[in-house]
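Working notes, beginning with the structure itself.
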Amino acid sequence: MNILEVKDLRKSFGSKTVLDGLTFSVSEGSVFGFIGRNGAGKTTTMKIILGLLKADSGEVTVCGERVRYGSTPTNKFIGYLPDVPEFYSYMTAKEYLRLCGEVTGMKQSEIKARSSELLELVGLAQEKHRIKGFSRGMKQRLGIAQALINKPRLLICDEPTSALDPVGRKEILEIISSAKGETSVIFSTHILSDVEKICDDTAILEKGKTVLSGTVSELKAKRSGSDLHIVTANAGDTPKAAQLLGGEIFGGTVIVRNASQDKIFSTLKTISENRIPVLKIEHAEPDLEQLFMEVIGK
């Protein structure tokens, strides 16, 4: 069953087309990676799903019910974590979750039990300080707790790891993975390594359309082979190596695309015959970042 279905969604702001026939679906119990560079239309899509922004055309359904702008009964199925969550800074985490539970109409006994469960899940059970003293990572974790307070069937996370350090990112990813057991998740991001770690299905958004979709392994399989990454000992030799090997330069590294076994042997032979000193030759398996750069033409 699909928890969310987005069909032929279109949205423009003046002369700028942001969504141009966007179509995708999120299946029950999955983490769905919604990939796109900054400004690609991810947040616009999230706002339309939440009924906060009117689409020019197209249809969105959540749990089989159609989303309508300004009238949002489907939001009873949804928990939402914006990219920069805001809180009442004078409250503690427990007080804030109690407020969120009351807003959603939960009973006090349910709020107490659910708050304890969620604060344990996000690692804030022992935190007694007021929210104004929380770090960015702590606020993101509390944001996930509030989004899950009423056991939504769909959790929307809009760029939840984009401004966090490696430790904070790891913590958020682990929490989202843990939440998958009780809800479906849309994980909107431009950090491709995060998608590879936790997502079951994914879609790449470019120019307002879904240009690729499928499981992470299916998308990676669309590349015909792995690459060779070659770092020359002298930076001055890098352009020469790229020309001789038919590669491209990316961040000071020569990348030879779709390197079959025959290609690997011929590359090593060319390096040897031309006596190009190298520091490193790495056989790199396909990843989402490489595929993403190819799709957007970078």
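Residue numbering restarts at 1 for every chain of the structure tokens, chains are lettered A, B, ... in their displayed order, and ligands are numbered from 1 as they appear.
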
What are the closest atom pairs, with distances in Å to one decimal, for all residues of region 3-49 of chain A lying within 9 Å of region 199-222 of chain A? Consider only C-alpha atoms, order rows by chain and residue number, and present the result as CSV.
residue,atom,partner,partner_atom,distance
A:Asp8,CA,A:Lys209,CA,8.9
A:Leu9,CA,A:Gly208,CA,8.8
A:Arg10,CA,A:Gly208,CA,8.0
A:Lys11,CA,A:Gly208,CA,8.6
A:Thr17,CA,A:Gly208,CA,7.3
A:Val18,CA,A:Gly208,CA,5.3
A:Leu19,CA,A:Gly208,CA,3.8
A:Asp20,CA,A:Gly208,CA,4.6
A:Gly21,CA,A:Lys209,CA,5.9
A:Leu22,CA,A:Lys209,CA,4.6
A:Thr23,CA,A:Thr210,CA,6.3
A:Phe24,CA,A:Thr210,CA,7.3
A:Val26,CA,A:Asp201,CA,8.1
A:Ser27,CA,A:Asp201,CA,8.7
A:Ser30,CA,A:Asp200,CA,6.0
A:Val31,CA,A:Cys199,CA,4.8
A:Phe32,CA,A:Asp201,CA,4.9
A:Gly33,CA,A:Thr202,CA,4.3
A:Phe34,CA,A:Ala203,CA,5.4
A:Ile35,CA,A:Ile204,CA,4.7
A:Gly36,CA,A:Leu205,CA,4.9
A:Arg37,CA,A:Glu206,CA,7.9
A:Ala40,CA,A:Glu206,CA,6.1
A:Gly41,CA,A:Gly208,CA,6.4
A:Lys42,CA,A:Leu205,CA,7.8

What does the file look like for those residues with C-alpha atoms, as a PDB file, in the first residue's frame?
ATOM      1  CA  ASP A   8       1.679  15.242 -12.025  1.00  0.00           C
ATOM      2  CA  LEU A   9       2.272  18.057  -9.541  1.00  0.00           C
ATOM      3  CA  ARG A  10       2.897  21.503 -11.054  1.00  0.00           C
ATOM      4  CA  LYS A  11       3.772  24.770  -9.367  1.00  0.00           C
ATOM      5  CA  THR A  17       8.525  26.828 -12.851  1.00  0.00           C
ATOM      6  CA  VAL A  18       9.420  24.964  -9.681  1.00  0.00           C
ATOM      7  CA  LEU A  19       7.469  21.709 -10.146  1.00  0.00           C
ATOM      8  CA  ASP A  20       6.792  20.440 -13.647  1.00  0.00           C
ATOM      9  CA  GLY A  21       4.778  17.215 -13.547  1.00  0.00           C
ATOM     10  CA  LEU A  22       6.354  15.760 -10.401  1.00  0.00           C
ATOM     11  CA  THR A  23       5.226  12.180  -9.714  1.00  0.00           C
ATOM     12  CA  PHE A  24       6.282   9.715  -7.013  1.00  0.00           C
ATOM     13  CA  VAL A  26       5.907   6.333  -0.803  1.00  0.00           C
ATOM     14  CA  SER A  27       5.107   2.798   0.271  1.00  0.00           C
ATOM     15  CA  SER A  30       9.653   2.577   4.070  1.00  0.00           C
ATOM     16  CA  VAL A  31      12.166   5.414   4.257  1.00  0.00           C
ATOM     17  CA  PHE A  32      11.894   7.343   0.995  1.00  0.00           C
ATOM     18  CA  GLY A  33      14.831   9.499  -0.035  1.00  0.00           C
ATOM     19  CA  PHE A  34      13.711  12.660  -1.839  1.00  0.00           C
ATOM     20  CA  ILE A  35      16.899  13.939  -3.466  1.00  0.00           C
ATOM     21  CA  GLY A  36      17.541  17.263  -5.112  1.00  0.00           C
ATOM     22  CA  ARG A  37      19.988  20.136  -4.978  1.00  0.00           C
ATOM     23  CA  ALA A  40      15.117  22.025  -6.677  1.00  0.00           C
ATOM     24  CA  GLY A  41      11.590  22.196  -5.230  1.00  0.00           C
ATOM     25  CA  LYS A  42      11.800  19.775  -2.311  1.00  0.00           C
TER      26      LYS A  42
END

Inset, instruction - Among the residues of region 20-246 of chain A, find those DSSP assigns to helix (DSSP H, G or I) from the backbone and print them as a PyMOL selection string. - result: chain A and resi 42-49+73-77+93-103+108-121+131-133+136-148+166-179+192-198+216-221+235-245

Legend entry - Arg66 (chain A) environment, 12 Å, only C-alpha atoms, sequence neighbours closer than 6 positions dropped, as a ChimeraX atom specification: /A:3-7,48-51,58-60,72-75

Inset, instruction - Check the smallest atom-to-atom distance from each of A:Arg68, A:Arg153, A:Arg169, A:Arg98 to Ile111 (chain A) using only C-alpha atoms, then report the winner. - result: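 Checking each of A:Arg68, A:Arg153, A:Arg169, A:Arg98 against Ile111 (chain A), counting only C-alpha atoms, the winner is A:Arg98.
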
Legend entry - Counting only C-alpha atoms, the residue of A:Cys63, A:Val122, A:Leu228, A:Leu288 that sits nearest Ala259 (chain A):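 The shortest atom-to-atom distance to Ala259 (chain A) comes from A:Leu228.
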
Counting only C-alpha atoms, what is within 9 Å of Thr43 (chain A), bar same-chain residues fewer than 5 positions away, as an mmCIF file with N, CA and C atoms, in the first residue's frame?
data_model
loop_
_atom_site.group_PDB
_atom_site.id
_atom_site.type_symbol
_atom_site.label_atom_id
_atom_site.label_comp_id
_atom_site.auth_asym_id
_atom_site.auth_seq_id
_atom_site.Cartn_x
_atom_site.Cartn_y
_atom_site.Cartn_z
ATOM 1 N N ILE A 48 3.123 21.573 -0.182
ATOM 2 C CA ILE A 48 1.899 21.175 -0.888
ATOM 3 C C ILE A 48 1.305 19.921 -0.248
ATOM 4 N N PRO A 82 10.477 20.408 10.046
ATOM 5 C CA PRO A 82 11.019 21.352 9.076
ATOM 6 C C PRO A 82 12.539 21.402 9.163
ATOM 7 N N ASP A 83 13.158 22.058 8.181
ATOM 8 C CA ASP A 83 14.620 22.106 8.174
ATOM 9 C C ASP A 83 15.174 22.891 9.361
ATOM 10 N N ASP A 158 12.380 17.404 6.425
ATOM 11 C CA ASP A 158 12.896 18.305 5.389
ATOM 12 C C ASP A 158 14.318 18.737 5.748
ATOM 13 N N GLU A 159 15.298 18.158 5.075
ATOM 14 C CA GLU A 159 16.717 18.470 5.282
ATOM 15 C C GLU A 159 17.101 18.366 6.769
ATOM 16 N N SER A 188 13.852 14.177 2.912
ATOM 17 C CA SER A 188 14.234 15.143 1.877
ATOM 18 C C SER A 188 15.638 15.653 2.162
#

Find the residues near Gly101 (chain A): any atom within 10 Å, counting only C-alpha atoms, skip ones fewer than 2 places away on the same chain, and give them as a PDB file with all heavy atoms, in the first residue's frame.
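Saved as result_2.pdb:
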ATOM      1  N   GLU A  95       7.930  19.481  28.699  1.00  0.00           N
ATOM      2  CA  GLU A  95       6.829  20.435  28.651  1.00  0.00           C
ATOM      3  C   GLU A  95       6.381  20.700  27.220  1.00  0.00           C
ATOM      4  O   GLU A  95       5.179  20.798  26.937  1.00  0.00           O
ATOM      5  CB  GLU A  95       7.259  21.755  29.307  1.00  0.00           C
ATOM      6  CG  GLU A  95       7.409  21.671  30.815  1.00  0.00           C
ATOM      7  CD  GLU A  95       8.060  22.912  31.408  1.00  0.00           C
ATOM      8  OE1 GLU A  95       8.684  23.686  30.645  1.00  0.00           O
ATOM      9  OE2 GLU A  95       7.967  23.098  32.637  1.00  0.00           O
ATOM     10  N   TYR A  96       7.352  20.772  26.318  1.00  0.00           N
ATOM     11  CA  TYR A  96       7.009  21.034  24.922  1.00  0.00           C
ATOM     12  C   TYR A  96       6.236  19.869  24.313  1.00  0.00           C
ATOM     13  O   TYR A  96       5.255  20.071  23.594  1.00  0.00           O
ATOM     14  CB  TYR A  96       8.271  21.313  24.113  1.00  0.00           C
ATOM     15  CG  TYR A  96       7.980  21.669  22.676  1.00  0.00           C
ATOM     16  CD1 TYR A  96       7.436  22.906  22.348  1.00  0.00           C
ATOM     17  CD2 TYR A  96       8.216  20.753  21.656  1.00  0.00           C
ATOM     18  CE1 TYR A  96       7.138  23.230  21.032  1.00  0.00           C
ATOM     19  CE2 TYR A  96       7.929  21.073  20.337  1.00  0.00           C
ATOM     20  CZ  TYR A  96       7.390  22.307  20.034  1.00  0.00           C
ATOM     21  OH  TYR A  96       7.087  22.621  18.739  1.00  0.00           O
ATOM     22  N   LEU A  97       6.652  18.652  24.607  1.00  0.00           N
ATOM     23  CA  LEU A  97       5.937  17.491  24.074  1.00  0.00           C
ATOM     24  C   LEU A  97       4.532  17.394  24.666  1.00  0.00           C
ATOM     25  O   LEU A  97       3.600  16.972  23.974  1.00  0.00           O
ATOM     26  CB  LEU A  97       6.715  16.205  24.354  1.00  0.00           C
ATOM     27  CG  LEU A  97       8.019  16.015  23.568  1.00  0.00           C
ATOM     28  CD1 LEU A  97       8.612  14.641  23.864  1.00  0.00           C
ATOM     29  CD2 LEU A  97       7.803  16.177  22.068  1.00  0.00           C
ATOM     30  N   ARG A  98       4.379  17.801  25.932  1.00  0.00           N
ATOM     31  CA  ARG A  98       3.041  17.807  26.521  1.00  0.00           C
ATOM     32  C   ARG A  98       2.137  18.783  25.757  1.00  0.00           C
ATOM     33  O   ARG A  98       0.976  18.471  25.464  1.00  0.00           O
ATOM     34  CB  ARG A  98       3.098  18.179  28.002  1.00  0.00           C
ATOM     35  CG  ARG A  98       1.710  18.143  28.661  1.00  0.00           C
ATOM     36  CD  ARG A  98       1.770  18.268  30.172  1.00  0.00           C
ATOM     37  NE  ARG A  98       2.259  19.569  30.585  1.00  0.00           N
ATOM     38  CZ  ARG A  98       3.370  19.763  31.292  1.00  0.00           C
ATOM     39  NH1 ARG A  98       4.109  18.724  31.647  1.00  0.00           N
ATOM     40  NH2 ARG A  98       3.734  20.979  31.637  1.00  0.00           N
ATOM     41  N   LEU A  99       2.681  19.963  25.422  1.00  0.00           N
ATOM     42  CA  LEU A  99       1.909  20.936  24.651  1.00  0.00           C
ATOM     43  C   LEU A  99       1.513  20.366  23.297  1.00  0.00           C
ATOM     44  O   LEU A  99       0.355  20.482  22.867  1.00  0.00           O
ATOM     45  CB  LEU A  99       2.717  22.217  24.470  1.00  0.00           C
ATOM     46  CG  LEU A  99       2.121  23.264  23.519  1.00  0.00           C
ATOM     47  CD1 LEU A  99       0.799  23.791  24.067  1.00  0.00           C
ATOM     48  CD2 LEU A  99       3.109  24.398  23.287  1.00  0.00           C
ATOM     49  N   VAL A 103      -2.290  19.721  21.824  1.00  0.00           N
ATOM     50  CA  VAL A 103      -2.757  20.321  20.571  1.00  0.00           C
ATOM     51  C   VAL A 103      -3.387  19.275  19.658  1.00  0.00           C
ATOM     52  O   VAL A 103      -4.368  19.533  18.961  1.00  0.00           O
ATOM     53  CB  VAL A 103      -1.596  21.047  19.855  1.00  0.00           C
ATOM     54  CG1 VAL A 103      -1.991  21.421  18.430  1.00  0.00           C
ATOM     55  CG2 VAL A 103      -1.184  22.287  20.627  1.00  0.00           C
ATOM     56  N   THR A 104      -2.831  18.067  19.674  1.00  0.00           N
ATOM     57  CA  THR A 104      -3.363  17.008  18.811  1.00  0.00           C
ATOM     58  C   THR A 104      -4.537  16.259  19.441  1.00  0.00           C
ATOM     59  O   THR A 104      -5.073  15.333  18.841  1.00  0.00           O
ATOM     60  CB  THR A 104      -2.263  15.990  18.460  1.00  0.00           C
ATOM     61  OG1 THR A 104      -1.736  15.406  19.664  1.00  0.00           O
ATOM     62  CG2 THR A 104      -1.136  16.663  17.690  1.00  0.00           C
ATOM     63  N   GLY A 105      -4.919  16.643  20.669  1.00  0.00           N
ATOM     64  CA  GLY A 105      -6.094  16.040  21.295  1.00  0.00           C
ATOM     65  C   GLY A 105      -5.834  14.751  22.043  1.00  0.00           C
ATOM     66  O   GLY A 105      -6.776  14.006  22.343  1.00  0.00           O
ATOM     67  N   MET A 106      -4.581  14.482  22.391  1.00  0.00           N
ATOM     68  CA  MET A 106      -4.264  13.260  23.118  1.00  0.00           C
ATOM     69  C   MET A 106      -4.659  13.388  24.589  1.00  0.00           C
ATOM     70  O   MET A 106      -4.682  14.475  25.156  1.00  0.00           O
ATOM     71  CB  MET A 106      -2.764  12.956  23.001  1.00  0.00           C
ATOM     72  CG  MET A 106      -2.281  12.669  21.593  1.00  0.00           C
ATOM     73  SD  MET A 106      -0.471  12.560  21.477  1.00  0.00           S
ATOM     74  CE  MET A 106      -0.127  11.132  22.519  1.00  0.00           C
ATOM     75  N   LYS A 107      -4.942  12.250  25.226  1.00  0.00           N
ATOM     76  CA  LYS A 107      -5.227  12.225  26.648  1.00  0.00           C
ATOM     77  C   LYS A 107      -3.927  12.407  27.429  1.00  0.00           C
ATOM     78  O   LYS A 107      -2.850  12.040  26.961  1.00  0.00           O
ATOM     79  CB  LYS A 107      -5.888  10.903  27.039  1.00  0.00           C
ATOM     80  CG  LYS A 107      -7.248  10.670  26.385  1.00  0.00           C
ATOM     81  CD  LYS A 107      -7.817   9.323  26.796  1.00  0.00           C
ATOM     82  CE  LYS A 107      -9.177   9.080  26.142  1.00  0.00           C
ATOM     83  NZ  LYS A 107      -9.723   7.748  26.502  1.00  0.00           N
ATOM     84  N   GLN A 108      -4.037  12.950  28.651  1.00  0.00           N
ATOM     85  CA  GLN A 108      -2.841  13.223  29.452  1.00  0.00           C
ATOM     86  C   GLN A 108      -2.040  11.948  29.734  1.00  0.00           C
ATOM     87  O   GLN A 108      -0.808  11.966  29.732  1.00  0.00           O
ATOM     88  CB  GLN A 108      -3.235  13.899  30.779  1.00  0.00           C
ATOM     89  CG  GLN A 108      -3.681  15.344  30.632  1.00  0.00           C
ATOM     90  CD  GLN A 108      -2.575  16.246  30.080  1.00  0.00           C
ATOM     91  OE1 GLN A 108      -1.404  16.111  30.433  1.00  0.00           O
ATOM     92  NE2 GLN A 108      -2.959  17.153  29.194  1.00  0.00           N
ATOM     93  N   GLU A 110      -1.853   9.338  27.825  1.00  0.00           N
ATOM     94  CA  GLU A 110      -1.173   8.987  26.573  1.00  0.00           C
ATOM     95  C   GLU A 110       0.024   9.887  26.345  1.00  0.00           C
ATOM     96  O   GLU A 110       1.094   9.417  25.915  1.00  0.00           O
ATOM     97  CB  GLU A 110      -2.151   9.110  25.400  1.00  0.00           C
ATOM     98  CG  GLU A 110      -3.293   8.118  25.412  1.00  0.00           C
ATOM     99  CD  GLU A 110      -4.290   8.378  24.284  1.00  0.00           C
ATOM    100  OE1 GLU A 110      -4.445   9.555  23.879  1.00  0.00           O
ATOM    101  OE2 GLU A 110      -4.901   7.399  23.811  1.00  0.00           O
ATOM    102  N   ILE A 111      -0.144  11.180  26.609  1.00  0.00           N
ATOM    103  CA  ILE A 111       0.945  12.136  26.410  1.00  0.00           C
ATOM    104  C   ILE A 111       2.138  11.776  27.292  1.00  0.00           C
ATOM    105  O   ILE A 111       3.288  11.777  26.838  1.00  0.00           O
ATOM    106  CB  ILE A 111       0.470  13.573  26.726  1.00  0.00           C
ATOM    107  CG1 ILE A 111      -0.576  14.020  25.715  1.00  0.00           C
ATOM    108  CG2 ILE A 111       1.661  14.539  26.732  1.00  0.00           C
ATOM    109  CD1 ILE A 111      -1.217  15.356  26.049  1.00  0.00           C
ATOM    110  N   LYS A 112       1.877  11.454  28.541  1.00  0.00           N
ATOM    111  CA  LYS A 112       2.957  11.129  29.472  1.00  0.00           C
ATOM    112  C   LYS A 112       3.728   9.896  29.027  1.00  0.00           C
ATOM    113  O   LYS A 112       4.963   9.896  28.996  1.00  0.00           O
ATOM    114  CB  LYS A 112       2.377  10.915  30.874  1.00  0.00           C
ATOM    115  CG  LYS A 112       3.430  10.679  31.941  1.00  0.00           C
ATOM    116  CD  LYS A 112       2.803  10.557  33.321  1.00  0.00           C
ATOM    117  CE  LYS A 112       3.877  10.341  34.389  1.00  0.00           C
ATOM    118  NZ  LYS A 112       3.277  10.232  35.761  1.00  0.00           N
ATOM    119  N   ARG A 114       3.763   8.470  25.982  1.00  0.00           N
ATOM    120  CA  ARG A 114       4.377   8.675  24.668  1.00  0.00           C
ATOM    121  C   ARG A 114       5.586   9.596  24.766  1.00  0.00           C
ATOM    122  O   ARG A 114       6.608   9.357  24.105  1.00  0.00           O
ATOM    123  CB  ARG A 114       3.340   9.260  23.712  1.00  0.00           C
ATOM    124  CG  ARG A 114       3.813   9.431  22.275  1.00  0.00           C
ATOM    125  CD  ARG A 114       4.136   8.133  21.624  1.00  0.00           C
ATOM    126  NE  ARG A 114       4.402   8.310  20.193  1.00  0.00           N
ATOM    127  CZ  ARG A 114       5.044   7.433  19.437  1.00  0.00           C
ATOM    128  NH1 ARG A 114       5.471   6.293  19.958  1.00  0.00           N
ATOM    129  NH2 ARG A 114       5.237   7.667  18.151  1.00  0.00           N
ATOM    130  N   SER A 115       5.509  10.638  25.573  1.00  0.00           N
ATOM    131  CA  SER A 115       6.641  11.555  25.731  1.00  0.00           C
ATOM    132  C   SER A 115       7.854  10.835  26.299  1.00  0.00           C
ATOM    133  O   SER A 115       8.981  11.019  25.824  1.00  0.00           O
ATOM    134  CB  SER A 115       6.255  12.718  26.649  1.00  0.00           C
ATOM    135  OG  SER A 115       5.257  13.515  26.075  1.00  0.00           O
ATOM    136  N   GLN A 146       8.631  15.577  18.566  1.00  0.00           N
ATOM    137  CA  GLN A 146       7.328  16.236  18.442  1.00  0.00           C
ATOM    138  C   GLN A 146       6.587  15.779  17.191  1.00  0.00           C
ATOM    139  O   GLN A 146       5.356  15.698  17.187  1.00  0.00           O
ATOM    140  CB  GLN A 146       7.476  17.763  18.477  1.00  0.00           C
ATOM    141  CG  GLN A 146       8.190  18.406  17.310  1.00  0.00           C
ATOM    142  CD  GLN A 146       7.314  18.626  16.080  1.00  0.00           C
ATOM    143  OE1 GLN A 146       6.088  18.680  16.192  1.00  0.00           O
ATOM    144  NE2 GLN A 146       7.940  18.729  14.924  1.00  0.00           N
ATOM    145  N   LEU A 148       6.582  12.865  15.998  1.00  0.00           N
ATOM    146  CA  LEU A 148       6.101  11.494  16.203  1.00  0.00           C
ATOM    147  C   LEU A 148       5.102  11.369  17.352  1.00  0.00           C
ATOM    148  O   LEU A 148       4.602  10.271  17.614  1.00  0.00           O
ATOM    149  CB  LEU A 148       7.290  10.560  16.472  1.00  0.00           C
ATOM    150  CG  LEU A 148       8.246  10.295  15.310  1.00  0.00           C
ATOM    151  CD1 LEU A 148       9.476   9.535  15.806  1.00  0.00           C
ATOM    152  CD2 LEU A 148       7.555   9.506  14.207  1.00  0.00           C
ATOM    153  N   ILE A 149       4.795  12.462  18.035  1.00  0.00           N
ATOM    154  CA  ILE A 149       4.041  12.399  19.278  1.00  0.00           C
ATOM    155  C   ILE A 149       2.701  11.686  19.120  1.00  0.00           C
ATOM    156  O   ILE A 149       2.283  10.922  19.982  1.00  0.00           O
ATOM    157  CB  ILE A 149       3.847  13.826  19.876  1.00  0.00           C
ATOM    158  CG1 ILE A 149       3.225  13.751  21.276  1.00  0.00           C
ATOM    159  CG2 ILE A 149       3.012  14.701  18.965  1.00  0.00           C
ATOM    160  CD1 ILE A 149       4.134  13.198  22.326  1.00  0.00           C
ATOM    161  N   ASN A 150       1.998  11.914  18.001  1.00  0.00           N
ATOM    162  CA  ASN A 150       0.665  11.306  17.848  1.00  0.00           C
ATOM    163  C   ASN A 150       0.678  10.092  16.917  1.00  0.00           C
ATOM    164  O   ASN A 150      -0.327   9.756  16.299  1.00  0.00           O
ATOM    165  CB  ASN A 150      -0.336  12.348  17.339  1.00  0.00           C
ATOM    166  CG  ASN A 150       0.026  12.855  15.947  1.00  0.00           C
ATOM    167  OD1 ASN A 150       1.198  12.851  15.579  1.00  0.00           O
ATOM    168  ND2 ASN A 150      -0.966  13.288  15.176  1.00  0.00           N
TER     169      ASN A 150
END

Inset, instruction - Go through A:Ser184, A:Asn258, A:Ala163, A:His190 one by one, measure the shortest atom-to-atom distance of each to Ser25 (chain A) using only C-alpha atoms, and give the residue with the smallest value. - result: A:Ser184

Please, which residues in region 19-131 of chain A fall within 10 Å of region 176-183 of chain A when counting only C-alpha atoms, and what is the closest atom pair and distance in Å to one decimal for each, ordered by chain then residue number, as CSV?
residue,atom,partner,partner_atom,distance
A:Glu28,CA,A:Thr183,CA,7.5
A:Gly29,CA,A:Thr183,CA,5.7
A:Ser30,CA,A:Lys180,CA,6.5
A:Val31,CA,A:Lys180,CA,6.7
A:Phe77,CA,A:Thr183,CA,9.8
A:Ile78,CA,A:Thr183,CA,9.5
A:Gly79,CA,A:Thr183,CA,9.5
A:Leu118,CA,A:Ala179,CA,9.9
A:Leu121,CA,A:Ser178,CA,8.1
A:Val122,CA,A:Ile176,CA,9.5

Could the residues in this selection be written to a file with N, CA, C and O atoms, as a PDB file, in the first residue's frame?
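Final output, saved to out.pdb:
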ATOM      1  N   GLU A  28       4.222   1.944   2.327  1.00  0.00           N
ATOM      2  CA  GLU A  28       4.071   1.808   3.777  1.00  0.00           C
ATOM      3  C   GLU A  28       5.309   1.172   4.396  1.00  0.00           C
ATOM      4  O   GLU A  28       5.872   0.206   3.875  1.00  0.00           O
ATOM      5  N   GLY A  29       5.771   1.740   5.526  1.00  0.00           N
ATOM      6  CA  GLY A  29       6.883   1.169   6.266  1.00  0.00           C
ATOM      7  C   GLY A  29       8.252   1.402   5.665  1.00  0.00           C
ATOM      8  O   GLY A  29       9.219   0.741   6.060  1.00  0.00           O
ATOM      9  N   SER A  30       8.370   2.334   4.731  1.00  0.00           N
ATOM     10  CA  SER A  30       9.653   2.577   4.070  1.00  0.00           C
ATOM     11  C   SER A  30      10.214   3.937   4.438  1.00  0.00           C
ATOM     12  O   SER A  30       9.516   4.817   4.927  1.00  0.00           O
ATOM     13  N   VAL A  31      11.528   4.098   4.199  1.00  0.00           N
ATOM     14  CA  VAL A  31      12.166   5.414   4.257  1.00  0.00           C
ATOM     15  C   VAL A  31      12.450   5.822   2.815  1.00  0.00           C
ATOM     16  O   VAL A  31      13.207   5.153   2.109  1.00  0.00           O
ATOM     17  N   PHE A  77      -2.619  12.361   9.673  1.00  0.00           N
ATOM     18  CA  PHE A  77      -1.768  11.206   9.395  1.00  0.00           C
ATOM     19  C   PHE A  77      -0.280  11.562   9.381  1.00  0.00           C
ATOM     20  O   PHE A  77       0.563  10.676   9.229  1.00  0.00           O
ATOM     21  N   ILE A  78       0.055  12.853   9.483  1.00  0.00           N
ATOM     22  CA  ILE A  78       1.406  13.329   9.175  1.00  0.00           C
ATOM     23  C   ILE A  78       2.095  13.936  10.383  1.00  0.00           C
ATOM     24  O   ILE A  78       1.503  14.688  11.153  1.00  0.00           O
ATOM     25  N   GLY A  79       3.387  13.612  10.525  1.00  0.00           N
ATOM     26  CA  GLY A  79       4.278  14.315  11.431  1.00  0.00           C
ATOM     27  C   GLY A  79       5.300  15.053  10.582  1.00  0.00           C
ATOM     28  O   GLY A  79       5.761  14.520   9.570  1.00  0.00           O
ATOM     29  N   LEU A 118       9.369   8.653  23.575  1.00  0.00           N
ATOM     30  CA  LEU A 118      10.051   9.394  22.519  1.00  0.00           C
ATOM     31  C   LEU A 118      11.321  10.064  23.018  1.00  0.00           C
ATOM     32  O   LEU A 118      12.339  10.108  22.298  1.00  0.00           O
ATOM     33  N   LEU A 121      13.860   7.531  22.942  1.00  0.00           N
ATOM     34  CA  LEU A 121      14.251   7.238  21.558  1.00  0.00           C
ATOM     35  C   LEU A 121      15.255   8.264  21.034  1.00  0.00           C
ATOM     36  O   LEU A 121      16.246   7.900  20.395  1.00  0.00           O
ATOM     37  N   VAL A 122      15.028   9.554  21.326  1.00  0.00           N
ATOM     38  CA  VAL A 122      15.884  10.606  20.756  1.00  0.00           C
ATOM     39  C   VAL A 122      17.027  11.012  21.679  1.00  0.00           C
ATOM     40  O   VAL A 122      17.769  11.956  21.390  1.00  0.00           O
TER      41      VAL A 122
END

Inset, instruction - Between A:Ala125, A:Leu173, A:Val84, A:Ile276, single out the one closest to Thr238 (chain A), counting only C-alpha atoms. - result: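 The answer is A:Ile276, which sits nearest to Thr238 (chain A).
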
Inset, instruction - Would you list, as a PyMOL selection string, the residues of region 22-157 of chain A that end up in strand (DSSP E or B) under DSSP run on this structure's backbone? - result: chain A and resi 22-27+31-35+57-62+65-66+68+71+78-81+92+130+154-157

For the residues selected in the previous step, produce a file with C-alpha atoms as a compact mmCIF listing (two decimals), in the first residue's frame.
# COMPACT_ATOMS: atom_id res chain seq x y z
CA LEU A 22 6.35 15.76 -10.40
CA THR A 23 5.23 12.18 -9.71
CA PHE A 24 6.28 9.71 -7.01
CA SER A 25 4.85 7.49 -4.27
CA VAL A 26 5.91 6.33 -0.80
CA SER A 27 5.11 2.80 0.27
CA VAL A 31 12.17 5.41 4.26
CA PHE A 32 11.89 7.34 1.00
CA GLY A 33 14.83 9.50 -0.04
CA PHE A 34 13.71 12.66 -1.84
CA ILE A 35 16.90 13.94 -3.47
CA SER A 57 -2.36 21.36 -10.87
CA GLY A 58 -1.89 17.72 -9.98
CA GLU A 59 -3.04 15.57 -7.09
CA VAL A 60 -1.67 14.48 -3.72
CA THR A 61 -3.23 11.74 -1.57
CA VAL A 62 -2.20 10.68 1.95
CA GLU A 65 -7.43 10.83 1.14
CA ARG A 66 -6.88 13.77 -1.18
CA ARG A 68 -6.68 20.09 -0.29
CA SER A 71 -8.32 22.34 4.42
CA ILE A 78 1.41 13.33 9.17
CA GLY A 79 4.28 14.32 11.43
CA TYR A 80 6.51 17.11 10.14
CA LEU A 81 10.08 18.14 10.92
CA THR A 92 11.76 21.93 28.79
CA ARG A 130 15.22 24.49 28.95
CA LEU A 154 3.84 9.48 7.54
CA LEU A 155 6.85 11.38 8.91
CA ILE A 156 8.18 14.19 6.69
CA CYS A 157 11.76 15.27 7.40

Legend entry - Top pick for closest residue to Asp194 (chain A), considering A:Gly247, A:Glu289, A:Asp227, A:Glu282 and counting only C-alpha atoms: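 Residue with the minimum atom-to-atom distance to Asp194 (chain A): A:Glu289.
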
Legend entry - Residue contacts of region 248-255 of chain A (9 Å, only C-alpha atoms) excluding same-chain residues fewer than 4 positions away, as an MDAnalysis selection string: chainID A and resid 227:232 235 238:239 241:243

Legend entry - Between CA of Tyr90 (chain A) and CA of Gly168 (chain A) - distance in Å to one decimal: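 Computing it gives 23.1 Å between the two atoms.
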